[in-house]
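Peer 1: The structure under discussion is supplied below as C-alpha cells; questions concerning it will follow.
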Amino acid sequence: MKAQEKVIEKIADPARNTCRLCAPLGASTVFRGIENCIPLLHGSQGCSTYIRRYMISHFREPVDIASSNFSESAAVFGGRENLHTALDNVIGKYQPSLVGIATTCLSETIGDDVSLYIKEYNEKSKSDVPVVNVPTPSYKGIHTDGYRDAVISCIKTVSKENESGDFINIIPAFVSPEDLRHLKEIASDFKTDAVLFPDYSETLDGESWESYKKISPGGTLLSDIARIKSAKASIVIGSSLSRSGLSGSLSDHLPNSHFMNLPIGIDLCDEFFGAFEKATGKQLPEKYSSERNRLVDSYMDAHKYFFEKRAIIAGDEDLVVSLASFMSEIGIVPVICATGSDNPAAAEIIKKYAPDAEVMSDSDYATVLDKAKGMNCDLVIGSSKGFYLSKNLSIPLVRVGFPVHDRFGSQRIKHLGYRGTQSILDNIANAIIEHKQNSSNIGYSYL
Amino acid sequence: MIDLIEARKNQVYVNKKDSFNIECDKKSVAGSVSQRACVFCGSRVVLYPIADALHLIHGPIGCAAYTWDIRGALSSGPELHRMSFCTDLRENDVIYGGEKKLYNALISLIEKYNPKAAFIYSTCIVGLIGDDINAVCRRVSSEKNIPVIPVHSEGFKGTKKDGYRAACEALFTLTGFDNESEVPKHSINILGDFNLAGESWIIKNYYKEMGIDVVSCLTGDGRIDEIKKAHRASLNVVQCSGSMTFLAKLMKEKYGIPFIRVSYFGIEDLSEALYEVARFFNEKEIIDKTSELVGRELSAIYPEIIKFRSKLEGKKAAIYVGGSFKAFSLVKALRHLGMKTEVVGSQTGSKDDYDYLKEICDEGTIIVDDTNPLELSHFIEERGVDLLIGGVKERPIAYKLGIAFCDHNHERKIPLAGFEGMVNFCREVYSSVLSPVWKYSPAYRKRKGGIV
C-alpha cells in the first residue's frame, strides 16, 4: 500500500538539457510555410524573439514573428486589446494574405478566448485578411504537436469541402526545406498535381534578393490549402502527425489519407513510393528505381563499417522512428532511441524496428548521457544538440533534423527518399571512418 | 520617408534635423516585431556566466530550451552554467501549482551537481498559478545550506531592462557575506562584462598590469565566493551600463562603493576606462603603469588599424545593438576606420543615452529606439549602407541585402573588447566588407546601378 502511494506521489524529474522545444515554434514553422503569411504569437515578447533567434540560426533566413507583447495589465485583464493592436499593426505593415496566431503558456493560462477576440477584431476593423488560430501552450505538447495542430487549424479554417479533384495532398512532418523540394520533385516526376502543405522550402531557404521583402516569397498558396479537403488522396508522413491533439485529428480533415513514417531507409521508402503509386495510379518513375538501386549498392559497399555499431538516436520522434528502421537495415544497432515527445505509439514502433534499444520517451540529453555512459556507444545521430552527447562520450555526431545550429547547410540536409537515405548513409559511414582515421596510425588513406 | 507605426513615430530621430525628444524606455508596441526579448531574457543573460551556480528555470520547457548554452561566456573552471535546467511544468502543474516540483527539482539538482548557489528564474505563468517561489527558495536554502535566490523574471512584467534589474537584485542578495578573506588595497569589481570569448580575461590582465586587483567580475567567469566579497572592493567599474548600473547603485547605497561607467570597446573608450580607474586611485605608480600600457598597446595596434582604414574609408554603417553604451563605442570605433554611421539604435537605450548619441553622431544620422526588421531594412536601403553591426537576428537582413555584417552580440566567438579586440573588430569588418561575394548579390548590383 505504501509503495503504491509513493508511486502516485512521484514527481517528475527536472529537465536537464531538454530534447524538446515549445509548441509555438512548430506552429510558427507551419505559418512560415504558407504564402504571404505572418505568424503572430499571443504572449510575451520573448516567445517570438527566442523562437525567431532559434530558427534564424538554423535556416539563415529572415524569420519575422510578431508578438502581442503582453503587459502586466493584459495578464490580469486579458490580452484582447494587445491582440487587436498587434493585428492592426501586423496587417498594416506586412499586408499579409493570412495571419497565423499561436497562443503561448501565458495566454492559455489566463484563459484568453482568442477565437472570440478574432471575431471581434474582424467586426471592428472590417479587415478581410483571414486569421488562423492555434492553441499552443508549451505546458501541453511540444514543437511537433504545435506543428501538427497548426496544420490542422489551417485546414479547418481555410479549406472548403468540394467535389473531389484529380490531385493529392502531401502533408510532411517537420522536415528540411531540401526535403520539401524533394517531395515536390517526386510529385512532379509522377506527373501528378499535388498540394504540399506546409511548404517552407523557399521561405526558409530562399534566394538572394534585389530589395528587401516584407515576407519571404514562397509557401503553400492559400488557394491550395482551400482545396485540400477535395483531394483524391492524402499522403501524411511522420508519426507525430497521426496523433490527435488540441486541434483534433488530422485524419478527420483529410480525404483518403495514408499515414506513414518518414521515408528513410529502403523499407519505409518502398512503403512511401508504394503509397504514391497507389494514390496517383502511376508507376514509380525510373529515376527513383535507379536511386533505390544505387542505395542498395551502397548498402553492400559500406556494410562493414556499420555492422554491430552501437548508435544513440536522439531528437524529434518522426526522425527517431524512421532512423531506427534505417539503422537496423544496415546493421547498426540502435542502443538508445530518445525523443522529447511522450508518444507511446511511437515508442512501440521504435521498439519494433530496434528491439535492442532502450527507448526513452519524454527524455532529455543529460538523462540520455547518464544512460549511455558505459554502454560502449559508437556514434550519435541527431540534431546539433546531440553534440553534448558526442563530446562527452568522445564519439562522432551525424547531424540531422532540427536544430543544426553549429554547421552550414542545415536547410539543405537531405533526409527523405532513397536520395535522402543515401546522403545520411554516406554521412554515417564517413563519420565512422573519420573517427577511425583521427584515432589510428593506420591512416585509412586508401579504402 | 518610411511610414512608421503610429506609436513609434517618436522613436525614430534624424540627428540635428528633428527636434523632438526621442521616446524610449517603453514597452514594444504589439505587432511591431521588436528585436527585443523579455524580462526573463534580461535576467538570464546577466546571471548566465556565473559558472558555479545552478540556474533553474521554473516554467514550461520553452524558456529553458532556447537558452541552453546560449552565450559564449567562458569559464576558467566549472561549467555548470552551460547546462539547461527546467522544472518543465505540465498541464497538471499549471492547475495544481508547481511548488512541489520546484522543491524536488532543487533538492535533486543540488545533490547531483553540488553548486555554490542556485538561481530560480520565474517565467510568465509562475506568478499566475500562484507559486510562492520565495518560500520554496528559503526552505531549500536552509535545508541545503547554500544561497537559493529567486529571480523575478516573468516575461511580461516589463522589458528586458526590468530583467536586468531583477538579476541585479538577485546578485545584490549575495553581496556582503564574506568579510574575512583578504581583499587587496587597490581593488575593483568589474560589472557588466560577461567574458564573451574571454574578454573579461583580457580586461583583467590590463588591470593586473596597472597594479589593480579585481575582487569579482560580475558576471563574466563569475564565482559565487567572489561575489560574496565584492562589497569590499574600492570601486565598481560598470560596463554594459544598461544591465548593471542598478547593482552599482545598490552597492553604493549600502556599502558606499563609488562607481564609474565605462566601455572596453574601441580606442578612446577603452583608454579612457583604464585612465579613469587609474585616476580614481590617484597614485603615480598606477597612472604611470597605465600610460605605459595604453601607449604600448596603441602603438602596437595603430599600424594595423591604418591598414584596415585604407580599405574601409568612406563606407557607411548601420548599428543596432542591445545596449547603447556599446553603440557609443561603435560609432567612435567606426570613425577610426573612416566609416560613417548612417543608422544607430539600441533595444534598451535611455534618454541620457540617446542625448549622448545625438552629440557624437553626425548630422543626418538616424537614431532609433527598439526598431524592427521592416524599419531597419528600409533605413539600410535608403542610406545605401555597406555594413550592419548587430546580432544573429539582424544578420539575415544584412545578407539578404548583400551587405557586410559584424556580429557584436553575446554569441560572438571572437573577443572584441580591449586593444586586441579593436583589431579583431576591424578585421571582422574588413573581412566582411571586402569579401568578393557581394558582387553576385542582386541588391548589391542594383545599388551599383548594375555595374560591378
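To be explicit about the labels: the chains of the C-alpha cells are called A, B, and onward in the order shown, and within each one the residues are counted from 1, while ligands get numbers from 1 in the order they are shown.
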Taking only C-alpha atoms into account, which residues of chain B are within 7 Å of chain A, as a compact mmCIF listing (two decimals) with C-alpha atoms, in the first residue's frame?

Peer 2:
```
# COMPACT_ATOMS: atom_id res chain seq x y z
CA ILE B 5 3.69 52.53 -36.81
CA ALA B 30 2.20 44.89 -30.10
CA GLY B 31 2.67 43.58 -33.62
CA SER B 32 5.84 45.57 -34.29
CA VAL B 33 8.20 42.54 -34.47
CA GLN B 35 14.09 42.62 -31.83
CA ARG B 36 13.87 42.68 -28.04
CA ALA B 37 13.24 39.64 -25.91
CA CYS B 38 11.58 39.77 -22.50
CA PRO B 60 7.27 25.14 -19.11
CA ILE B 61 10.09 23.98 -21.34
CA GLY B 62 10.41 26.73 -23.99
CA ALA B 65 15.20 25.18 -24.46
CA TYR B 66 16.03 28.49 -26.12
CA TRP B 68 20.66 26.24 -23.28
CA MET B 83 23.62 23.15 -18.60
CA SER B 84 19.94 23.94 -19.04
CA PHE B 85 17.75 23.03 -16.07
CA CYS B 86 14.00 23.41 -16.04
CA THR B 87 11.11 22.34 -13.83
CA ASP B 88 9.34 21.61 -17.12
CA LEU B 89 5.83 22.43 -15.90
CA ARG B 90 2.98 20.47 -17.43
CA GLU B 91 -0.74 20.95 -17.50
CA LYS B 101 8.02 20.15 -8.46
CA ALA B 105 13.96 19.71 -8.69
CA CYS B 124 5.44 34.03 -17.30
CA ILE B 125 3.00 31.65 -15.75
CA GLY B 155 8.42 37.68 -19.21
CA PHE B 156 5.53 40.10 -19.44
CA LYS B 157 6.36 42.19 -16.35
CA GLY B 158 8.15 44.94 -18.23
CA LEU B 374 11.00 46.35 -41.68
CA SER B 377 15.91 47.11 -43.77
CA VAL B 392 22.07 36.90 -35.15
CA LYS B 393 18.51 38.24 -35.51
CA PRO B 396 19.78 37.84 -42.41
CA ILE B 397 18.65 41.41 -43.07
CA LYS B 400 19.58 39.42 -47.98
CA LEU B 401 20.51 42.99 -48.90
CA SER B 441 24.11 39.87 -54.83
CA PRO B 442 21.18 41.27 -56.84
CA ALA B 443 20.71 44.02 -54.24
CA LYS B 446 21.13 47.24 -58.09
```

Peer 1: I want to know what sits within 7 Å of range 354-366 of chain B, based on only C-alpha atoms, with residues of the same chain fewer than 5 positions away left out; could you give that as a list in words?

Peer 2: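 Near neighbours after the sequence-gap exclusion: Val12, Tyr13, Val14, Asn15, Lys16, Lys17, Phe328, Thr341, Glu342, Val343, Val344 and Gly349 of chain B.
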
Peer 1: Please return, as a PyMOL selection string, all residues of range 184-249 of chain B that DSSP assigns to strand (DSSP E) on the basis of the backbone.

Peer 2: chain B and resi 187-193+213-219+235-238

Peer 1: CA of Gln437 in chain A to CA of Leu379 in chain A: how many Å, to one decimal?

Peer 2: 14.7 Å

Peer 1: Name the closest residue to Ile306 in chain B among the candidates B:Leu247, B:Val423, B:Pro415, B:Phe259; distances are taken between atoms, counting only C-alpha atoms.

Peer 2: B:Val423

Peer 1: Identify which of the residues A:Val134, A:Ile186, A:Met375, A:Ala338 lies closest to Phe273 in chain A, counting only C-alpha atoms when measuring atom-to-atom distances.

Peer 2: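 Closest candidate: A:Ile186.
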
Peer 1: Select, from B:Phe281, B:Glu268, B:Phe119, B:Val29, the residue with the minimum atom-to-atom distance to Ile188 in chain B, counting only C-alpha atoms.

Peer 2: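 Once distances to Ile188 in chain B are computed over only C-alpha atoms, the minimum belongs to B:Phe281.
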
Peer 1: Which residues come within 10 Å of Ile50 in chain B, counting only C-alpha atoms, excluding same-chain residues fewer than 2 positions away, as a ChimeraX atom specification?

Peer 2: /B:46-48,52-55,73-75,78-82,117,119,194,217-224,227

Peer 1: Write a file of the just-selected residues containing C-alpha atoms, as a JSON list (two decimals), in the first residue's frame.

Peer 2:
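Saved file part27.json follows:
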```json
[["chain", "number", "residue", "atom", "x", "y", "z"],
["B", 46, "VAL", "CA", 23.16, 38.76, -16.89],
["B", 47, "LEU", "CA", 23.32, 35.82, -14.49],
["B", 48, "TYR", "CA", 24.18, 33.15, -17.07],
["B", 52, "ASP", "CA", 29.45, 27.51, -10.27],
["B", 53, "ALA", "CA", 25.77, 28.25, -9.70],
["B", 54, "LEU", "CA", 22.75, 26.19, -10.58],
["B", 55, "HIS", "CA", 20.46, 28.06, -12.96],
["B", 73, "ALA", "CA", 30.59, 33.22, -21.82],
["B", 74, "LEU", "CA", 33.75, 31.30, -20.97],
["B", 75, "SER", "CA", 34.68, 29.85, -17.62],
["B", 78, "PRO", "CA", 33.35, 24.83, -13.59],
["B", 79, "GLU", "CA", 30.85, 24.92, -16.42],
["B", 80, "LEU", "CA", 27.58, 24.28, -14.68],
["B", 81, "HIS", "CA", 26.18, 27.40, -16.37],
["B", 82, "ARG", "CA", 26.27, 25.62, -19.71],
["B", 117, "ALA", "CA", 24.27, 28.78, -5.08],
["B", 119, "PHE", "CA", 19.16, 30.97, -9.11],
["B", 194, "PHE", "CA", 30.35, 38.62, -19.43],
["B", 217, "CYS", "CA", 33.83, 40.07, -12.16],
["B", 218, "LEU", "CA", 30.07, 40.29, -12.42],
["B", 219, "THR", "CA", 29.35, 38.12, -14.05],
["B", 220, "GLY", "CA", 31.98, 37.01, -16.60],
["B", 221, "ASP", "CA", 33.74, 33.83, -15.43],
["B", 222, "GLY", "CA", 31.75, 34.53, -12.27],
["B", 223, "ARG", "CA", 32.02, 32.69, -8.97],
["B", 224, "ILE", "CA", 29.69, 32.87, -6.01],
["B", 227, "ILE", "CA", 30.50, 37.90, -5.36]]
```

Peer 1: What's around Ala347 in chain A at 8 Å? Count only C-alpha atoms, leave out sequence neighbours fewer than 2 positions away in its own chain, and write the answer as a list in words.

Peer 2: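 Counting only the stated atoms, we get Asn343, Pro344, Ala345, Ile349, Ile350, Lys351, Val359, Met360 and Ser361 of chain A.
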
Peer 1: Just the selected residues (C-alpha atoms), exported as a PDB file, in the first residue's frame, please.

Peer 2:
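Once written, part_21.pdb looks like this:
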```
ATOM      1  CA  ASN A 343       4.043   9.145 -27.580  1.00  0.00           C
ATOM      2  CA  PRO A 344       3.551   5.511 -26.554  1.00  0.00           C
ATOM      3  CA  ALA A 345       2.574   4.580 -30.123  1.00  0.00           C
ATOM      4  CA  ILE A 349       7.116   1.344 -33.410  1.00  0.00           C
ATOM      5  CA  ILE A 350      10.679   2.163 -32.409  1.00  0.00           C
ATOM      6  CA  LYS A 351      10.750  -0.986 -30.298  1.00  0.00           C
ATOM      7  CA  VAL A 359      13.506   3.617 -25.841  1.00  0.00           C
ATOM      8  CA  MET A 360      13.417   6.840 -23.859  1.00  0.00           C
ATOM      9  CA  SER A 361      10.296   8.948 -24.350  1.00  0.00           C
TER      10      SER A 361
END
```

Peer 1: Assign secondary structure with DSSP using the backbone only, and return the residues of range 154-285 of chain A in helix (DSSP H, G or I) as JSON, numbers by chain.

Peer 2: {"A": [154, 155, 156, 157, 158, 177, 178, 179, 180, 181, 182, 183, 184, 185, 186, 187, 188, 189, 222, 223, 224, 225, 226, 228, 229, 230, 239, 240, 241, 242, 250, 251, 252, 266, 267, 268, 269, 270, 271, 272, 273, 274, 275, 276, 277, 278, 279, 280]}

Peer 1: At what distance in Å, to one decimal, does CA of Arg412 in chain B lie from CA of Arg44 in chain B?

Peer 2: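 Computing the Euclidean distance for CA of Arg44 in chain B and CA of Arg412 in chain B yields 17.1 Å.
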
Peer 1: Interatomic distance between CA of Val237 in chain B and CA of Pro49 in chain B?

Peer 2: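 Here the two named atoms are 17.7 Å from each other.
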